[in-house]
file work16.txt (compact mmCIF, C-alpha atoms)
# COMPACT_ATOMS: atom_id res chain seq x y z
CA MET Z 269 25.93 -3.21 23.16
CA ASN Z 270 25.33 -5.20 26.35
CA PHE Z 271 22.91 -8.03 27.14
CA ALA Z 272 20.25 -5.71 28.56
CA GLN Z 273 20.15 -3.66 25.37
CA ALA Z 274 20.25 -6.75 23.13
CA ALA Z 275 17.40 -8.37 25.06
CA GLN Z 276 15.31 -5.20 24.72
CA LEU Z 277 15.96 -5.01 20.98
CA ALA Z 278 15.29 -8.70 20.38
CA GLY Z 279 12.23 -8.74 22.63
CA VAL Z 280 13.39 -11.71 24.73
CA PRO Z 281 14.16 -12.01 28.47
CA GLN Z 282 17.74 -11.15 29.38
CA GLU Z 283 18.22 -14.46 31.23
CA LYS Z 284 17.18 -16.41 28.13
CA LEU Z 285 19.68 -14.49 25.99
CA VAL Z 286 22.47 -15.20 28.49
CA MET Z 287 21.66 -18.93 28.55
CA MET Z 288 21.57 -18.95 24.74
CA SER Z 289 25.01 -17.30 24.72
CA ASN Z 290 26.40 -19.93 27.11
CA ARG Z 291 25.08 -22.75 24.93
CA ILE Z 292 26.42 -21.22 21.70
CA ARG Z 293 29.86 -20.63 23.20
CA SER Z 294 30.07 -24.22 24.46
CA GLU Z 295 28.24 -26.18 21.73
CA GLY Z 296 28.06 -23.83 18.73
CA ILE Z 297 25.03 -23.34 16.47
CA ASP Z 298 24.22 -24.64 12.99
CA ASP Z 299 23.52 -22.35 10.03
CA ALA Z 300 19.85 -23.34 9.80
CA SER Z 301 19.10 -22.38 13.40
CA LEU Z 302 21.14 -19.21 13.03
CA GLY Z 303 19.25 -18.28 9.87
CA ALA Z 304 15.90 -18.81 11.60
CA MET Z 305 17.08 -16.60 14.46
CA MET Z 306 18.09 -13.86 12.02
CA ARG Z 307 14.78 -14.03 10.15
CA THR Z 308 12.93 -13.61 13.46
CA ALA Z 309 15.09 -10.60 14.33
CA GLN Z 310 14.52 -9.11 10.88
CA GLN Z 311 10.75 -9.52 11.24
CA LYS Z 312 10.97 -7.52 14.49
CA GLY Z 313 12.45 -4.61 12.53
CA LEU Z 314 16.13 -4.95 13.46
CA HIS Z 315 18.66 -3.65 10.96
CA ALA Z 316 21.51 -5.80 9.69
CA SER Z 317 24.08 -3.96 11.82
CA MET Z 318 22.00 -4.55 14.97
CA ILE Z 319 21.64 -8.23 14.15
CA ALA Z 320 25.40 -8.47 13.63
CA ASP Z 321 26.06 -6.81 16.99
CA ILE Z 322 23.75 -9.25 18.75
CA MET Z 323 25.38 -12.23 17.03
CA GLU Z 324 28.80 -10.96 18.11
CA LEU Z 325 27.56 -10.48 21.67
CA ILE Z 326 26.17 -14.00 22.10
CA GLY Z 327 29.34 -15.61 20.76
CA VAL Z 328 28.55 -16.55 17.14
CA PRO Z 329 31.78 -16.65 15.09
CA ARG Z 330 32.05 -13.67 12.76
CA ALA Z 331 32.69 -15.74 9.65
CA GLN Z 332 29.58 -17.84 10.34
CA TYR Z 333 27.11 -15.02 10.96
CA GLU Z 334 28.45 -12.99 8.01
CA ARG Z 335 28.00 -16.04 5.75
CA VAL Z 336 24.46 -16.68 6.98
CA MET Z 337 23.58 -12.98 6.74
CA HIS Z 338 24.79 -12.94 3.14
CA ASN Z 339 22.64 -15.99 2.38
CA GLN Z 340 19.68 -14.23 4.02
CA GLY Z 341 20.23 -11.13 1.91
CA LEU Z 342 21.35 -9.00 4.84
CA PHE Z 343 24.35 -6.72 4.30
CA ILE Z 344 26.13 -4.69 6.94
CA LYS Z 345 26.73 -1.09 6.00
CA GLN Z 346 30.43 -0.24 6.19
CA THR Z 347 31.40 2.77 8.31
CA ASP Z 348 34.51 4.85 8.78
CA THR Z 349 36.68 2.63 10.97
CA SER Z 350 38.87 5.40 12.29
CA CYS Z 351 35.91 7.46 13.53
CA GLU Z 352 34.33 4.37 15.02
CA GLN Z 353 37.50 3.48 16.94
CA THR Z 354 37.90 7.04 18.18
CA ASP Z 355 34.47 7.22 19.81
CA VAL Z 356 33.70 3.59 20.59
CA LEU Z 357 34.04 3.84 24.37
CA GLU Z 358 32.11 7.09 24.63
CA SER Z 359 29.33 5.88 22.33
CA ALA Z 360 28.99 2.61 24.24
CA VAL Z 361 28.65 4.48 27.50
CA CYS Z 362 26.14 6.92 25.99
CA GLU Z 363 24.06 3.99 24.74
CA SER Z 364 24.06 2.51 28.24
CA ASP Z 365 22.97 5.83 29.73
CA ALA Z 366 20.20 6.14 27.13
CA ALA Z 367 19.00 2.62 27.96
CA GLN Z 368 18.91 3.55 31.63
CA ARG Z 369 16.87 6.67 30.87
CA ASP Z 370 14.45 4.57 28.82
CA LYS Z 371 14.14 2.19 31.77
CA LEU Z 372 13.35 5.06 34.13
CA GLY Z 373 10.78 6.30 31.65
CA THR Z 374 9.17 2.87 31.68
CA PHE Z 375 8.91 2.97 35.46
CA ALA Z 376 7.18 6.36 35.22
CA HIS Z 377 4.35 4.67 33.31
CA ALA Z 378 4.11 1.68 35.64
CA PHE Z 379 0.43 2.16 36.41
CA THR Z 380 -0.92 2.25 32.90
CA LYS Z 381 -4.06 0.41 31.95
CA GLU Z 382 -2.11 -2.52 30.49
CA ASN Z 383 -0.06 -2.95 33.67
CA MET Z 384 -3.17 -2.81 35.82
CA LEU Z 385 -4.75 -5.54 33.70
CA THR Z 386 -1.62 -7.66 34.11
CA PHE Z 387 -1.71 -7.14 37.87
CA MET Z 388 -5.39 -8.10 38.02
CA LYS Z 389 -4.72 -11.26 36.02
CA ARG Z 390 -1.94 -12.33 38.37
CA PHE Z 391 -4.04 -11.50 41.40
CA GLY Z 392 -6.91 -13.51 39.94
CA VAL Z 393 -4.66 -16.53 39.37
CA ILE Z 394 -3.46 -16.39 42.99
CA VAL Z 395 -7.04 -16.13 44.28
CA PHE Z 396 -8.05 -19.05 42.05
CA TRP Z 397 -5.39 -21.37 43.51
CA ILE Z 398 -6.23 -20.31 47.07
CA VAL Z 399 -9.87 -21.21 46.38
CA VAL Z 400 -8.77 -24.58 44.95
CA TRP Z 401 -6.67 -25.15 48.07
CA HIS Z 402 -9.63 -24.33 50.30
CA VAL Z 403 -11.97 -26.63 48.33
CA LEU Z 404 -9.47 -29.51 48.60
CA ASP Z 405 -9.29 -28.97 52.35
CA MET Z 406 -13.09 -29.12 52.61
CA VAL Z 407 -13.34 -32.22 50.42
CA ILE Z 408 -10.54 -34.20 52.12
CA HIS Z 409 -11.40 -32.84 55.58
CA ASN Z 410 -8.35 -34.38 57.24
CA ARG Z 411 -5.91 -32.06 59.01
CA LEU Z 412 -3.24 -34.77 59.00
CA VAL Z 413 -3.20 -34.79 55.18
CA ILE Z 414 -3.76 -31.15 54.26
CA ALA Z 415 -4.34 -27.88 56.08
CA GLY Z 416 -6.53 -25.25 54.47
CA PRO Z 417 -5.60 -21.58 54.04
CA ILE Z 418 -7.69 -20.48 57.04
CA SER Z 419 -6.06 -22.92 59.46
CA VAL Z 420 -2.60 -22.11 58.04
CA VAL Z 421 -3.12 -18.37 58.54
CA ALA Z 422 -4.37 -19.02 62.08
CA SER Z 423 -1.33 -21.18 62.85
CA LEU Z 424 0.99 -18.57 61.33
CA CYS Z 425 -0.50 -15.86 63.54
CA THR Z 426 -0.07 -18.11 66.58
CA GLU Z 427 3.58 -18.76 65.74
CA ALA Z 428 4.27 -15.09 65.00
CA ALA Z 429 2.90 -14.12 68.40
CA LYS Z 430 5.48 -16.28 70.18
CA PRO Z 431 8.56 -14.40 71.47
CA GLY Z 432 11.05 -16.68 69.70
CA PHE Z 433 9.46 -16.47 66.24
CA TRP Z 434 11.65 -13.67 64.88
CA ILE Z 435 14.80 -15.17 66.38
CA ILE Z 436 14.08 -18.47 64.59
CA ALA Z 437 13.28 -16.75 61.28
CA LEU Z 438 16.31 -14.45 61.40
CA ALA Z 439 18.64 -17.31 62.40
CA SER Z 440 17.73 -19.35 59.32
CA PHE Z 441 17.77 -16.23 57.14
CA GLY Z 442 21.25 -15.32 58.42
CA ARG Z 443 22.72 -18.78 57.87
CA ILE Z 444 21.44 -19.12 54.31
CA ALA Z 445 22.27 -15.50 53.40
CA LEU Z 446 25.81 -15.84 54.78
CA GLY Z 447 26.44 -19.03 52.83
CA PHE Z 448 25.07 -17.44 49.66
CA MET Z 449 27.15 -14.26 49.99
CA LEU Z 450 30.34 -16.21 50.74
CA SER Z 451 29.78 -18.38 47.67
CA CYS Z 452 29.22 -15.27 45.51
CA CYS Z 453 32.46 -13.67 46.72
CA ALA Z 454 34.45 -16.88 46.26
CA GLY Z 455 32.90 -17.59 42.86
CA ILE Z 456 33.67 -14.09 41.53
CA LEU Z 457 37.25 -14.01 42.83
CA LEU Z 458 38.15 -17.56 41.75
CA SER Z 459 36.53 -17.16 38.31
CA ALA Z 460 38.58 -13.97 37.78
CA ALA Z 461 41.73 -15.85 38.81
CA ALA Z 462 40.83 -18.77 36.51
CA TYR Z 463 40.20 -16.34 33.64
CA LYS Z 464 43.65 -14.76 34.07
CA VAL Z 465 45.70 -17.84 35.04
CA ALA Z 466 45.25 -21.10 33.13
CA VAL Z 467 46.78 -23.19 35.93
CA VAL Z 468 44.15 -21.99 38.40
CA ARG Z 469 41.39 -22.97 35.99
CA ALA Z 470 42.94 -26.40 35.43
CA PHE Z 471 42.85 -27.08 39.18
CA LEU Z 472 39.36 -25.62 39.79
CA ASP Z 473 37.43 -27.19 36.89
CA PRO Z 474 37.52 -30.79 38.26
CA LEU Z 475 36.48 -29.55 41.71
CA VAL Z 476 33.53 -27.59 40.30
CA SER Z 477 32.45 -30.57 38.18
CA LEU Z 478 32.61 -32.77 41.29
CA LEU Z 479 30.44 -30.38 43.31
CA ARG Z 480 27.85 -30.33 40.51
CA THR Z 481 27.52 -34.12 40.43
CA ILE Z 482 27.58 -35.08 44.14
CA PRO Z 483 24.03 -35.61 45.52
CA VAL Z 484 22.93 -33.01 48.05
CA VAL Z 485 22.12 -35.69 50.65
CA ALA Z 486 25.66 -37.05 50.41
CA ILE Z 487 27.07 -33.55 50.97
CA ILE Z 488 24.80 -33.09 54.00
CA ILE Z 489 25.95 -36.36 55.58
CA MET Z 490 29.62 -35.53 55.06
CA LEU Z 491 29.20 -31.99 56.40
CA LEU Z 492 27.39 -33.32 59.49
CA ILE Z 493 30.48 -35.38 60.26
CA TRP Z 494 32.96 -32.60 59.48
CA VAL Z 495 31.37 -29.35 60.77
CA GLY Z 496 28.42 -30.37 62.94
CA ASN Z 497 24.79 -29.32 62.80
CA GLN Z 498 25.10 -25.62 63.70
CA LEU Z 499 27.28 -24.67 60.72
CA LEU Z 500 25.84 -27.19 58.27
CA THR Z 501 23.44 -24.73 56.57
CA ILE Z 502 26.19 -22.17 55.86
CA TYR Z 503 28.57 -24.71 54.33
CA LEU Z 504 25.83 -26.43 52.32
CA SER Z 505 24.53 -23.14 50.86
CA PHE Z 506 28.10 -22.27 49.93
CA LEU Z 507 28.79 -25.58 48.17
CA ILE Z 508 25.46 -25.60 46.30
CA VAL Z 509 25.73 -22.02 45.00
CA PHE Z 510 29.47 -21.82 44.29
CA PRO Z 511 29.52 -23.91 41.04
CA LEU Z 512 26.72 -21.81 39.49
CA ILE Z 513 28.43 -18.51 40.29
CA TYR Z 514 31.85 -19.73 39.17
CA ILE Z 515 30.71 -21.17 35.82
CA ASN Z 516 28.55 -18.18 34.87
CA MET Z 517 31.13 -15.61 35.95
CA LEU Z 518 33.82 -17.40 33.94
CA ALA Z 519 31.55 -17.30 30.89
CA GLY Z 520 30.96 -13.59 31.57
CA PHE Z 521 34.69 -12.80 31.65
CA GLU Z 522 35.19 -14.78 28.44
CA SER Z 523 32.42 -12.81 26.71
CA VAL Z 524 34.37 -9.53 26.97
CA ASP Z 525 35.08 -8.08 23.52
CA TYR Z 526 38.84 -8.13 22.95
CA LYS Z 527 38.51 -4.99 20.80
CA MET Z 528 37.20 -3.09 23.81
CA LEU Z 529 40.17 -4.29 25.85
CA GLU Z 530 42.49 -3.11 23.11
CA PHE Z 531 40.79 0.30 23.07
CA ALA Z 532 41.19 0.52 26.85
CA ARG Z 533 44.90 -0.18 26.47
CA VAL Z 534 45.28 2.39 23.69
CA TYR Z 535 43.41 5.06 25.66
CA ARG Z 536 45.38 4.11 28.79
CA LEU Z 537 42.45 3.40 31.04
CA SER Z 538 43.48 2.35 34.53
CA PRO Z 539 42.88 -1.30 35.55
CA TRP Z 540 40.03 -0.21 37.80
CA ARG Z 541 38.28 1.70 34.98
CA THR Z 542 38.86 -1.17 32.59
CA PHE Z 543 37.09 -3.41 35.08
CA VAL Z 544 34.20 -0.98 35.66
CA TYR Z 545 33.54 0.06 32.05
CA ILE Z 546 34.45 -3.08 30.10
CA TYR Z 547 34.44 -6.18 32.29
CA ARG Z 548 31.50 -5.17 34.52
CA PRO Z 549 28.92 -4.69 31.71
CA ALA Z 550 30.02 -8.01 30.21
CA PHE Z 551 29.73 -10.23 33.28
CA MET Z 552 26.81 -8.60 35.16
CA PRO Z 553 24.08 -10.32 33.04
CA PHE Z 554 25.77 -13.67 33.69
CA LEU Z 555 26.00 -12.92 37.41
CA SER Z 556 22.35 -11.85 37.60
CA SER Z 557 21.22 -15.00 35.79
CA ALA Z 558 23.33 -17.21 38.06
CA CYS Z 559 22.07 -15.51 41.23
CA LYS Z 560 18.44 -15.84 40.17
CA MET Z 561 18.89 -19.60 39.77
CA ALA Z 562 21.08 -20.00 42.86
CA LEU Z 563 18.81 -18.11 45.27
CA GLY Z 564 16.04 -20.68 45.14
CA MET Z 565 18.49 -23.57 45.34
CA SER Z 566 20.21 -22.12 48.40
CA TRP Z 567 16.93 -21.83 50.31
CA LYS Z 568 15.71 -25.30 49.35
CA SER Z 569 18.97 -26.99 50.29
CA GLY Z 570 19.44 -24.82 53.40
CA ILE Z 571 16.02 -25.63 54.87
CA MET Z 572 16.48 -29.32 54.01
CA ALA Z 573 19.79 -29.28 55.89
CA GLU Z 574 18.10 -27.70 58.91
CA VAL Z 575 15.35 -30.34 58.89
CA LEU Z 576 17.97 -33.10 58.99
CA ALA Z 577 20.47 -31.44 61.34
CA ASN Z 578 18.06 -29.60 63.70
CA PRO Z 579 20.27 -26.61 64.58
CA ILE Z 580 18.96 -24.38 67.37
CA PRO Z 581 17.19 -22.07 66.55
CA SER Z 582 16.07 -22.76 62.97
CA ILE Z 583 12.99 -23.02 60.76
CA GLY Z 584 14.00 -26.54 59.73
CA ARG Z 585 13.91 -27.67 63.36
CA GLU Z 586 10.38 -26.27 63.75
CA MET Z 587 9.33 -28.15 60.61
CA ALA Z 588 10.86 -31.37 61.95
CA ILE Z 589 8.95 -30.94 65.23
CA SER Z 590 5.72 -30.32 63.30
CA ARG Z 591 6.32 -33.53 61.34
CA THR Z 592 6.96 -35.51 64.52
CA PHE Z 593 3.70 -34.37 66.15
CA LEU Z 594 1.74 -34.47 62.85
CA ASN Z 595 0.93 -30.76 63.13
CA THR Z 596 0.22 -30.07 59.46
CA PRO Z 597 -1.06 -26.46 59.88
CA LYS Z 598 2.14 -25.50 61.70
CA LEU Z 599 4.23 -27.22 59.02
CA PHE Z 600 2.41 -25.27 56.29
CA ALA Z 601 2.75 -22.04 58.29
CA TRP Z 602 6.55 -22.36 58.50
CA THR Z 603 6.60 -23.20 54.79
CA VAL Z 604 4.87 -19.87 54.13
CA VAL Z 605 7.50 -18.15 56.27
CA VAL Z 606 10.25 -19.75 54.16
CA MET Z 607 8.55 -18.59 50.96
CA ILE Z 608 8.28 -15.00 52.24
CA LEU Z 609 11.89 -14.88 53.44
CA SER Z 610 13.14 -16.41 50.17
CA TRP Z 611 11.14 -13.87 48.12
CA LEU Z 612 12.41 -10.99 50.26
CA PHE Z 613 16.03 -12.12 50.00
CA GLU Z 614 15.73 -12.53 46.23
CA LYS Z 615 14.33 -8.99 45.88
CA LEU Z 616 17.18 -7.56 47.96
CA VAL Z 617 19.88 -9.41 46.01
CA MET Z 618 18.44 -8.60 42.58
CA LYS Z 619 17.99 -4.94 43.56
CA ALA Z 620 21.64 -4.79 44.62
CA LEU Z 621 22.68 -6.37 41.30
CA ASP Z 622 20.56 -3.83 39.40
CA LEU Z 623 22.37 -1.01 41.21
CA LEU Z 624 25.74 -2.57 40.39
CA SER Z 625 24.69 -2.84 36.73
CA CYS Z 626 23.66 0.79 36.31
CA PRO Z 627 25.62 2.88 33.74
CA LEU Z 628 28.52 4.97 35.06
CA GLY Z 629 29.29 6.85 31.85
CA ARG Z 630 29.19 10.26 33.54
CA TYR Z 631 32.41 9.39 35.36
CA LEU Z 632 34.37 8.27 32.28
CA GLY Z 633 35.80 11.70 31.52
CA VAL Z 634 36.98 12.33 35.10
CA LYS Z 635 40.74 12.05 35.55
CA ASP Z 636 42.03 9.23 37.72
CA ASP Z 637 45.42 8.24 39.09
CA ARG Z 638 47.25 5.84 36.88

call {"tool": "encode", "arguments": {"input": "work16.txt", "output": "structure tokens"}}
result
Amino acid sequence: MNFAQAAQLAGVPQEKLVMMSNRIRSEGIDDASLGAMMRTAQQKGLHASMIADIMELIGVPRAQYERVMHNQGLFIKQTDTSCEQTDVLESAVCESDAAQRDKLGTFAHAFTKENMLTFMKRFGVIVFWIVVWHVLDMVIHNRLVIAGPISVVASLCTEAAKPGFWIIALASFGRIALGFMLSCCAGILLSAAAYKVAVVRAFLDPLVSLLRTIPVVAIIIMLLIWVGNQLLTIYLSFLIVFPLIYINMLAGFESVDYKMLEFARVYRLSPWRTFVYIYRPAFMPFLSSACKMALGMSWKSGIMAEVLANPIPSIGREMAISRTFLNTPKLFAWTVVVMILSWLFEKLVMKALDLLSCPLGRYLGVKDDR
């Protein structure tokens, strides 16, 4: 069972389950809270064996959840251990493939009546806040304080018609995206090294803790001195995102079931297949959760760095110019551009992570070079 399947069974968001797992692994959980969690799962129709699998997945010690389950009157049905060990890898992969088929089936019914109602509700909420925005603009009636949606759209169209608009947008997009991707690569590689080598982790943990506590403004000032204004956004995005990726990936590697690793050794899976079929399903939920949090932070810090450093060309520089000349509609228009680019980049990254998370069970029986 992986986090996607557990979240679907428990009826909670996958990111919430991952964060709960991180907290339990670091701080533990008392019997009362664990019992309440089990009662909720039982009310949702989960069997004792499913509840036990979820408890094992999120890091609850076996002795603790078995004790609480016994107090709750839940008993795990014993199965033939030898048969279970023989087919554990194949059954796990089959379960992943079945979950993927269920997901595809859900997409086939995307335009049901319930989904249309949800879409209309969200659309109505957006329209409501746009109307509130427009009313505030009419009441205040001061373009230096607030620009209404009509003037912002007009300013956005004016900026988009300029020949340098796309160069400015793509320059900022490229800097922030490059910093984010470099931090992801470094976080994954260094967390894997820290997971395997204790000395590496001992050296990296203080550095990561330091990066988490230093104020962003202090990092910007130091980077301005060290690397200049043109490369500031790349370095800042890297330093802001790296601790999140490193910490979550390390927790993902540590969540791997040691029994599955033992089965891989017994069945003589190659290191690459061990990574793909055992490590990958374990750390991908942690990576997805970290990226979802880090994406917004990288854009906020990156644009703030551009406003202070004024690299040419950049969205932050255009915002700084708008502030200098008190051009509020233009400032709001570039803010909308940042929101669109951030949303687009998040969709691209999360789609790539979904593709990397897809089941690959059909390749498990194919021979490989060992």

call {"tool": "residues_around", "arguments": {"input": "work16.txt", "residues": "Gly313 (chain Z)", "least_positions_apart": "5", "cutoff": "12 Å", "atoms": "only C-alpha atoms", "output": "PyMOL selection string"}}
result
chain Z and resi 277-279+306-308+318-319

call {"tool": "write_last_selection", "arguments": {"input": "work16.txt", "atoms": "C-alpha atoms", "output": "compact mmCIF listing (two decimals), in the frame of the given file"}}
result
# COMPACT_ATOMS: atom_id res chain seq x y z
CA LEU Z 277 15.96 -5.01 20.98
CA ALA Z 278 15.29 -8.70 20.38
CA GLY Z 279 12.23 -8.74 22.63
CA MET Z 306 18.09 -13.86 12.02
CA ARG Z 307 14.78 -14.03 10.15
CA THR Z 308 12.93 -13.61 13.46
CA MET Z 318 22.00 -4.55 14.97
CA ILE Z 319 21.64 -8.23 14.15

call {"tool": "atom_distance", "arguments": {"input": "work16.txt", "atom1": "CA of Phe551 (chain Z)", "atom2": "CA of Tyr526 (chain Z)"}}
result
13.9 Å

call {"tool": "residues_around", "arguments": {"input": "work16.txt", "residues": "Ile482 (chain Z)", "least_positions_apart": "5", "cutoff": "10 Å", "atoms": "only C-alpha atoms", "output": "list in words"}}
result
Ser477, Ile487 and Ile508 of chain Z

call {"tool": "atom_distance", "arguments": {"input": "work16.txt", "atom1": "CA of Cys453 (chain Z)", "atom2": "CA of Leu576 (chain Z)"}}
result
27.2 Å

call {"tool": "closest_residue", "arguments": {"input": "work16.txt", "among": "Z:Gln332, Z:Ser423, Z:Asn410, Z:Asn497", "to": "Ile297 (chain Z)", "atoms": "all atoms listed in the file"}}
result
Z:Gln332

call {"tool": "closest_residue", "arguments": {"input": "work16.txt", "among": "Z:Ile456, Z:Leu563, Z:Ala462, Z:Ile493", "to": "Ile513 (chain Z)", "atoms": "all atoms listed in the file"}}
result
Z:Ile456

call {"tool": "closest_residue", "arguments": {"input": "work16.txt", "among": "Z:Ala316, Z:Leu325, Z:Met618, Z:Val400", "to": "Met288 (chain Z)", "atoms": "all atoms listed in the file"}}
result
Z:Leu325

call {"tool": "atom_distance", "arguments": {"input": "work16.txt", "atom1": "CA of Leu302 (chain Z)", "atom2": "CA of Tyr514 (chain Z)"}}
result
28.3 Å

call {"tool": "residues_around", "arguments": {"input": "work16.txt", "residues": "Val476 (chain Z)", "least_positions_apart": "4", "cutoff": "7 Å", "atoms": "all atoms listed in the file", "output": "number ranges by chain"}}
result
Z: 472, 480, 511

call {"tool": "residues_near_point", "arguments": {"input": "work16.txt", "point": "(10.2, -21.1, 62.5)", "cutoff": "9 Å", "atoms": "only C-alpha atoms", "output": "NGL selection string"}}
result
:Z and (427-428 or 432-437 or 440 or 581-587 or 601-603 or 605-606)

call {"tool": "closest_residue", "arguments": {"input": "work16.txt", "among": "Z:Val280, Z:Leu438, Z:Ile414, Z:Ile488", "to": "Leu500 (chain Z)", "atoms": "only C-alpha atoms"}}
result
Z:Ile488

call {"tool": "closest_residue", "arguments": {"input": "work16.txt", "among": "Z:Ala519, Z:Ala415, Z:Ile408, Z:Met449", "to": "Val286 (chain Z)", "atoms": "only C-alpha atoms"}}
result
Z:Ala519

call {"tool": "residues_around", "arguments": {"input": "work16.txt", "residues": "region 270-275 of chain Z", "least_positions_apart": "4", "cutoff": "7 Å", "atoms": "all atoms listed in the file", "output": "list in words"}}
result
Gly279, Val280, Pro281, Gln282, Leu285, Ile322, Ala367, Pro549, Ala550 and Pro553 of chain Z

call {"tool": "write_last_selection", "arguments": {"input": "work16.txt", "atoms": "C-alpha atoms", "output": "PDB file, in the frame of the given file"}}
result
ATOM      1  CA  GLY Z 279      12.230  -8.740  22.630  1.00  0.00           C
ATOM      2  CA  VAL Z 280      13.390 -11.710  24.730  1.00  0.00           C
ATOM      3  CA  PRO Z 281      14.160 -12.010  28.470  1.00  0.00           C
ATOM      4  CA  GLN Z 282      17.740 -11.150  29.380  1.00  0.00           C
ATOM      5  CA  LEU Z 285      19.680 -14.490  25.990  1.00  0.00           C
ATOM      6  CA  ILE Z 322      23.750  -9.250  18.750  1.00  0.00           C
ATOM      7  CA  ALA Z 367      19.000   2.620  27.960  1.00  0.00           C
ATOM      8  CA  PRO Z 549      28.920  -4.690  31.710  1.00  0.00           C
ATOM      9  CA  ALA Z 550      30.020  -8.010  30.210  1.00  0.00           C
ATOM     10  CA  PRO Z 553      24.080 -10.320  33.040  1.00  0.00           C
TER      11      PRO Z 553
END

call {"tool": "residues_near_point", "arguments": {"input": "work16.txt", "point": "(18.5, -17.4, 44.0)", "cutoff": "9 Å", "atoms": "all atoms listed in the file", "output": "PyMOL selection string"}}
result
chain Z and resi 448+509+557-567+610+613-614+617-618

call {"tool": "build_atoms", "arguments": {"input": "work16.txt", "residues": "region 524-539 of chain Z", "atoms": "N, CA and C atoms", "output": "PDB file, in the coordinates of the input"}}
result
ATOM      1  N   VAL Z 524      33.878 -10.900  27.170  1.00  0.00           N
ATOM      2  CA  VAL Z 524      34.370  -9.530  26.970  1.00  0.00           C
ATOM      3  C   VAL Z 524      34.957  -9.395  25.562  1.00  0.00           C
ATOM      4  N   ASP Z 525      34.590  -8.338  24.872  1.00  0.00           N
ATOM      5  CA  ASP Z 525      35.080  -8.080  23.520  1.00  0.00           C
ATOM      6  C   ASP Z 525      36.562  -7.678  23.593  1.00  0.00           C
ATOM      7  N   TYR Z 526      37.411  -8.431  22.901  1.00  0.00           N
ATOM      8  CA  TYR Z 526      38.840  -8.130  22.950  1.00  0.00           C
ATOM      9  C   TYR Z 526      39.158  -6.780  22.313  1.00  0.00           C
ATOM     10  N   LYS Z 527      38.294  -6.313  21.398  1.00  0.00           N
ATOM     11  CA  LYS Z 527      38.510  -4.990  20.800  1.00  0.00           C
ATOM     12  C   LYS Z 527      38.358  -3.905  21.851  1.00  0.00           C
ATOM     13  N   MET Z 528      37.380  -4.070  22.745  1.00  0.00           N
ATOM     14  CA  MET Z 528      37.200  -3.090  23.810  1.00  0.00           C
ATOM     15  C   MET Z 528      38.400  -3.070  24.742  1.00  0.00           C
ATOM     16  N   LEU Z 529      38.970  -4.238  25.013  1.00  0.00           N
ATOM     17  CA  LEU Z 529      40.170  -4.290  25.850  1.00  0.00           C
ATOM     18  C   LEU Z 529      41.339  -3.605  25.164  1.00  0.00           C
ATOM     19  N   GLU Z 530      41.421  -3.765  23.851  1.00  0.00           N
ATOM     20  CA  GLU Z 530      42.490  -3.110  23.110  1.00  0.00           C
ATOM     21  C   GLU Z 530      42.307  -1.587  23.130  1.00  0.00           C
ATOM     22  N   PHE Z 531      41.063  -1.133  22.998  1.00  0.00           N
ATOM     23  CA  PHE Z 531      40.790   0.300  23.070  1.00  0.00           C
ATOM     24  C   PHE Z 531      41.162   0.852  24.453  1.00  0.00           C
ATOM     25  N   ALA Z 532      40.851   0.078  25.494  1.00  0.00           N
ATOM     26  CA  ALA Z 532      41.190   0.520  26.850  1.00  0.00           C
ATOM     27  C   ALA Z 532      42.694   0.651  27.013  1.00  0.00           C
ATOM     28  N   ARG Z 533      43.445  -0.261  26.395  1.00  0.00           N
ATOM     29  CA  ARG Z 533      44.900  -0.180  26.470  1.00  0.00           C
ATOM     30  C   ARG Z 533      45.421   1.020  25.689  1.00  0.00           C
ATOM     31  N   VAL Z 534      44.835   1.261  24.512  1.00  0.00           N
ATOM     32  CA  VAL Z 534      45.280   2.390  23.690  1.00  0.00           C
ATOM     33  C   VAL Z 534      44.979   3.712  24.386  1.00  0.00           C
ATOM     34  N   TYR Z 535      43.779   3.827  24.976  1.00  0.00           N
ATOM     35  CA  TYR Z 535      43.410   5.060  25.660  1.00  0.00           C
ATOM     36  C   TYR Z 535      43.941   5.145  27.082  1.00  0.00           C
ATOM     37  N   ARG Z 536      44.700   4.127  27.490  1.00  0.00           N
ATOM     38  CA  ARG Z 536      45.380   4.110  28.790  1.00  0.00           C
ATOM     39  C   ARG Z 536      44.416   4.234  29.966  1.00  0.00           C
ATOM     40  N   LEU Z 537      43.340   3.463  29.889  1.00  0.00           N
ATOM     41  CA  LEU Z 537      42.450   3.400  31.040  1.00  0.00           C
ATOM     42  C   LEU Z 537      43.125   2.620  32.164  1.00  0.00           C
ATOM     43  N   SER Z 538      42.913   3.059  33.391  1.00  0.00           N
ATOM     44  CA  SER Z 538      43.480   2.350  34.530  1.00  0.00           C
ATOM     45  C   SER Z 538      42.831   0.975  34.664  1.00  0.00           C
ATOM     46  N   PRO Z 539      43.493   0.023  35.364  1.00  0.00           N
ATOM     47  CA  PRO Z 539      42.880  -1.300  35.550  1.00  0.00           C
ATOM     48  C   PRO Z 539      41.502  -1.239  36.191  1.00  0.00           C
TER      49      PRO Z 539
END
